[in-house]
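S.K.: My structure is below; once you've seen it, I'll send some questions.
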Amino acid sequence: MSGKDYVEKDYYKVLGVPKDATAAEIKKTYRKLAREFHPDANKGDAKAEDRFKDISEAYDVLSDEKRRKEYDEARTLFANGGYRAGGPGGGNYSFDFGDLFSGTQGGPAGGGGGIGDVFGGLFGRGGRQAQPRRGADVETEVTLSFEEAVDGATVPLRMTSQAPCRSCSGTGARAGTTPRVCPTCVGAGTVSRGQGAFALSEPCRDCRGRGMIVDDPCPDCHGSGRASSARTMQVRIPAGVQDSQKIRLKGKGAQGERGGQPGDLFVLVHVDPHPVFGRKGDNLTVSVPVSFPEAALGGTIEVPTLKGPPVKLRLPAGSANGLTLRARGKGATRKDGTRGDLLVTVDVVVPQHVSGDALTALEQYREATASDDPRAALFRAAEGA
């Protein structure tokens, strides 16, 4: 494969991202495509395997800021049909496609070399050792009680992820046999091809980039060296977690390959509702019923808390229905270890049946306050509108 073939590959098109895509967008798209076309998920599908190699090749360049810049510059150069720069004394010299791939350069002596350096840095020179591969990220879900979400909890999680096959210890070869070094890439996992000054590397197609060839595949992993592994982990969910929040646990995902770092574990948290308490950010909420005399005359009311004994709060005289009181430090735990507040909503309970002395007292109260009609201001406002 020539340098021209590489540059004419549109890596942005391969990943399906625009040319101005951010590094985060490129990484997100790559992960999605890599999961979809990974050989372990498409055993025996040659087209999926080729697609995975193209995706990996594109991401290898576009994920590196320096290599991406060199790639963009090289594509621009080829799109313009050649390379032209000022030589000594203001003279010009140029490269065209024939010069580029025959290893010759036009122009004054000592004036060349720039474009060869671009391709050398972009695609590397010569073979290279197979690199460690980071393990895949794993996602799971857990359901907590309301109290566990507020105070934090350690929960068991049973995980299933890809890990080195136990039958072959990750070699991919049947027990009692060993893989052999790939004669094409000599164990590097990549091959270099080029013309003239260019040395361009690509994943070795004979060993699929592994550097080794398995003649007698392991019957359990079919030569991939990877297998599903189930394990139970004790995971600490931090205090104050909220419903539908996703927690990242670094290094708790699938194991890496060839000494690569493990992936991350993402835990989606569901929180069961509480029959009495609610949640508003770091604050807890509760509705407390009070009698009509308590609301009118005021006093001290007792309020339950999620943890610990009840607290006593001062209820002002003339408290209206829906008034909110605050019990400080009785809410959910924050990241810094402090706690939010308990927001107490006053729910004035109006008696359904009144008789005897209570009825007499209420009638007297109504007569005494007849001149202070609470709706008078409403009608005045309506008339003036």
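In the structure tokens, the first chain shown is A, the next is B, and so on; residue numbers restart at 1 for each chain, and ligands run from 1 in the order shown.
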If we count only C-alpha atoms, what is near segment 169-177 of chain A at a cut-off of 12 Å, once residues fewer than 3 positions away on the same chain are taken out, given as a PDB file with C-alpha atoms, in the first residue's frame?

M.R.:
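The resulting file, part.pdb, is reproduced below:
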ATOM      1  CA  GLN A 162     -14.505 -10.284  28.620  1.00  0.00           C
ATOM      2  CA  ALA A 163     -11.314 -11.620  30.225  1.00  0.00           C
ATOM      3  CA  PRO A 164      -8.399 -13.860  29.202  1.00  0.00           C
ATOM      4  CA  CYS A 165      -9.700 -17.359  28.484  1.00  0.00           C
ATOM      5  CA  ARG A 166      -8.915 -19.648  31.421  1.00  0.00           C
ATOM      6  CA  ARG A 180       3.720 -19.366  16.670  1.00  0.00           C
ATOM      7  CA  VAL A 181       5.164 -16.011  15.767  1.00  0.00           C
ATOM      8  CA  CYS A 207      -2.472 -12.489  12.431  1.00  0.00           C
ATOM      9  CA  ARG A 210      -1.963 -10.028  17.413  1.00  0.00           C
ATOM     10  CA  GLY A 211       1.572 -10.868  16.313  1.00  0.00           C
ATOM     11  CA  MET A 212       0.928 -14.599  16.796  1.00  0.00           C
ATOM     12  CA  ILE A 213      -0.808 -17.244  14.706  1.00  0.00           C
ATOM     13  CA  VAL A 214      -2.842 -20.038  16.297  1.00  0.00           C
ATOM     14  CA  ASP A 215      -2.777 -23.280  14.298  1.00  0.00           C
ATOM     15  CA  ASP A 216      -4.850 -25.318  16.806  1.00  0.00           C
ATOM     16  CA  PRO A 217      -7.471 -22.961  18.331  1.00  0.00           C
ATOM     17  CA  CYS A 218      -8.738 -23.315  21.879  1.00  0.00           C
ATOM     18  CA  PRO A 219     -12.212 -24.940  21.707  1.00  0.00           C
ATOM     19  CA  ASP A 220     -13.586 -22.621  24.391  1.00  0.00           C
ATOM     20  CA  CYS A 221     -12.601 -19.217  22.977  1.00  0.00           C
ATOM     21  CA  HIS A 222     -12.188 -20.367  19.342  1.00  0.00           C
ATOM     22  CA  GLY A 223      -8.733 -18.872  19.162  1.00  0.00           C
ATOM     23  CA  SER A 224      -9.617 -15.366  20.298  1.00  0.00           C
ATOM     24  CA  GLY A 225      -7.929 -15.721  23.690  1.00  0.00           C
ATOM     25  CA  ARG A 226     -10.922 -14.005  25.310  1.00  0.00           C
ATOM     26  CA  ALA A 227     -13.943 -15.455  27.073  1.00  0.00           C
ATOM     27  CA  SER A 228     -16.873 -14.272  29.165  1.00  0.00           C
ATOM     28  CA  GLN A 255      -9.351  -6.713  31.920  1.00  0.00           C
ATOM     29  CA  GLY A 256      -6.926  -5.392  29.316  1.00  0.00           C
ATOM     30  CA  GLU A 257      -4.939  -7.374  26.768  1.00  0.00           C
ATOM     31  CA  ARG A 258      -1.158  -7.762  26.626  1.00  0.00           C
ATOM     32  CA  GLY A 259      -0.754  -5.999  29.951  1.00  0.00           C
TER      33      GLY A 259
END

S.K.: As a compact mmCIF listing (two decimals) with N, CA, C and O atoms, in the first residue's frame, please: the residues near Pro156 of chain A (cut-off 12 Å, only C-alpha atoms, same-chain neighbours under 4 positions excluded).

M.R.:
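Final output, result-v2.txt:
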# COMPACT_ATOMS: atom_id res chain seq x y z
N THR A 140 -23.54 -1.51 34.30
CA THR A 140 -24.49 -2.33 35.04
C THR A 140 -25.42 -1.40 35.80
O THR A 140 -25.26 -0.18 35.79
N GLU A 141 -26.41 -1.98 36.47
CA GLU A 141 -27.40 -1.20 37.23
C GLU A 141 -27.53 -1.77 38.63
O GLU A 141 -27.27 -2.95 38.86
N VAL A 142 -27.93 -0.91 39.55
CA VAL A 142 -28.16 -1.34 40.93
C VAL A 142 -29.32 -0.53 41.50
O VAL A 142 -29.51 0.64 41.14
N THR A 143 -30.11 -1.18 42.36
CA THR A 143 -31.24 -0.50 43.01
C THR A 143 -30.97 -0.39 44.50
O THR A 143 -30.65 -1.38 45.16
N LEU A 144 -31.07 0.83 45.03
CA LEU A 144 -30.82 1.10 46.44
C LEU A 144 -32.10 1.53 47.14
O LEU A 144 -33.01 2.07 46.51
N ARG A 231 -17.98 -12.54 37.70
CA ARG A 231 -17.36 -12.30 39.00
C ARG A 231 -18.28 -11.44 39.85
O ARG A 231 -19.09 -10.66 39.33
N THR A 232 -18.16 -11.56 41.16
CA THR A 232 -18.95 -10.76 42.09
C THR A 232 -18.02 -9.77 42.77
O THR A 232 -16.98 -10.16 43.32
N MET A 233 -18.39 -8.50 42.73
CA MET A 233 -17.58 -7.44 43.31
C MET A 233 -18.36 -6.72 44.40
O MET A 233 -19.58 -6.58 44.31
N GLN A 234 -17.66 -6.28 45.43
CA GLN A 234 -18.25 -5.43 46.45
C GLN A 234 -17.94 -3.98 46.06
O GLN A 234 -16.79 -3.56 46.06
N VAL A 235 -18.98 -3.24 45.73
CA VAL A 235 -18.81 -1.88 45.21
C VAL A 235 -19.38 -0.88 46.20
O VAL A 235 -20.51 -1.05 46.70
N ARG A 236 -18.63 0.14 46.49
CA ARG A 236 -19.07 1.19 47.40
C ARG A 236 -19.77 2.29 46.62
O ARG A 236 -19.18 2.94 45.75
N ILE A 237 -21.05 2.50 46.93
CA ILE A 237 -21.83 3.58 46.33
C ILE A 237 -21.75 4.77 47.28
O ILE A 237 -22.13 4.65 48.45
N VAL A 267 -21.95 2.43 36.79
CA VAL A 267 -23.09 1.88 37.53
C VAL A 267 -24.24 2.89 37.48
O VAL A 267 -24.11 4.01 37.97

S.K.: Near segment 15-21 of chain A, within 12 Å and counting only C-alpha atoms, which residues show up once chain neighbours fewer than 3 positions away are dropped, as a PDB file with C-alpha atoms, in the first residue's frame?

M.R.:
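Listing of result.pdb after writing:
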ATOM      1  CA  LYS A   9      -8.426   7.318   2.903  1.00  0.00           C
ATOM      2  CA  ASP A  10     -10.990   9.588   4.516  1.00  0.00           C
ATOM      3  CA  TYR A  11     -10.688   8.667   8.176  1.00  0.00           C
ATOM      4  CA  TYR A  12     -13.450  11.104   9.077  1.00  0.00           C
ATOM      5  CA  ALA A  24     -14.603  13.634  22.766  1.00  0.00           C
ATOM      6  CA  GLU A  25     -16.940  13.141  19.779  1.00  0.00           C
ATOM      7  CA  ILE A  26     -14.348  11.038  17.967  1.00  0.00           C
ATOM      8  CA  LYS A  27     -13.752   8.870  21.039  1.00  0.00           C
ATOM      9  CA  LYS A  28     -17.477   8.346  21.653  1.00  0.00           C
ATOM     10  CA  THR A  29     -18.118   7.351  18.026  1.00  0.00           C
ATOM     11  CA  TYR A  30     -15.117   5.021  17.961  1.00  0.00           C
ATOM     12  CA  ARG A  31     -16.240   3.177  21.101  1.00  0.00           C
ATOM     13  CA  LYS A  32     -19.697   2.649  19.654  1.00  0.00           C
ATOM     14  CA  LEU A  33     -18.378   1.329  16.337  1.00  0.00           C
ATOM     15  CA  ALA A  34     -15.684  -0.798  17.992  1.00  0.00           C
ATOM     16  CA  ARG A  51     -14.456  -2.784   9.117  1.00  0.00           C
ATOM     17  CA  PHE A  52     -13.042  -3.069  12.645  1.00  0.00           C
ATOM     18  CA  LYS A  53      -9.494  -2.712  11.294  1.00  0.00           C
ATOM     19  CA  ASP A  54     -10.454   0.382   9.294  1.00  0.00           C
ATOM     20  CA  ILE A  55     -12.129   1.888  12.378  1.00  0.00           C
ATOM     21  CA  SER A  56      -9.078   1.179  14.544  1.00  0.00           C
ATOM     22  CA  GLU A  57      -6.732   2.639  11.936  1.00  0.00           C
ATOM     23  CA  ALA A  58      -8.827   5.810  11.659  1.00  0.00           C
ATOM     24  CA  TYR A  59      -9.058   6.264  15.412  1.00  0.00           C
ATOM     25  CA  ASP A  60      -5.327   5.631  15.833  1.00  0.00           C
ATOM     26  CA  VAL A  61      -4.635   8.732  13.728  1.00  0.00           C
ATOM     27  CA  LEU A  62      -7.535  11.040  14.622  1.00  0.00           C
ATOM     28  CA  SER A  63      -7.257  10.478  18.395  1.00  0.00           C
ATOM     29  CA  ARG A  68      -4.354  14.283  13.144  1.00  0.00           C
ATOM     30  CA  LYS A  69      -2.830  17.656  12.273  1.00  0.00           C
ATOM     31  CA  TYR A  71      -2.902  13.883   8.402  1.00  0.00           C
ATOM     32  CA  ASP A  72      -5.057  16.943   7.665  1.00  0.00           C
ATOM     33  CA  ARG A  75      -4.637  15.432   2.691  1.00  0.00           C
TER      34      ARG A  75
END

S.K.: If you count only C-alpha atoms, which residues fall within 6 Å of Ala317 of chain A, apart from same-chain ones fewer than 4 positions away, as a PyMOL selection string?

M.R.: chain A and resi 296-298

S.K.: Let me make sure I understand: among A:Val138, A:Ala23, A:Ala327, A:Glu36, which one has the smallest atom-to-atom distance to Lys250 of chain A if we use only C-alpha atoms?

M.R.: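 Closest residue, counting only C-alpha atoms: A:Val138.
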
S.K.: Give me, as a list in words, all polymer residues having an atom no more than 12 Å from His353 of chain A, counting only C-alpha atoms and skipping those fewer than 5 positions away in the same chain.

M.R.: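 Contacts, with the query itself left out: Ala358, Leu359 and Leu362 of chain A.
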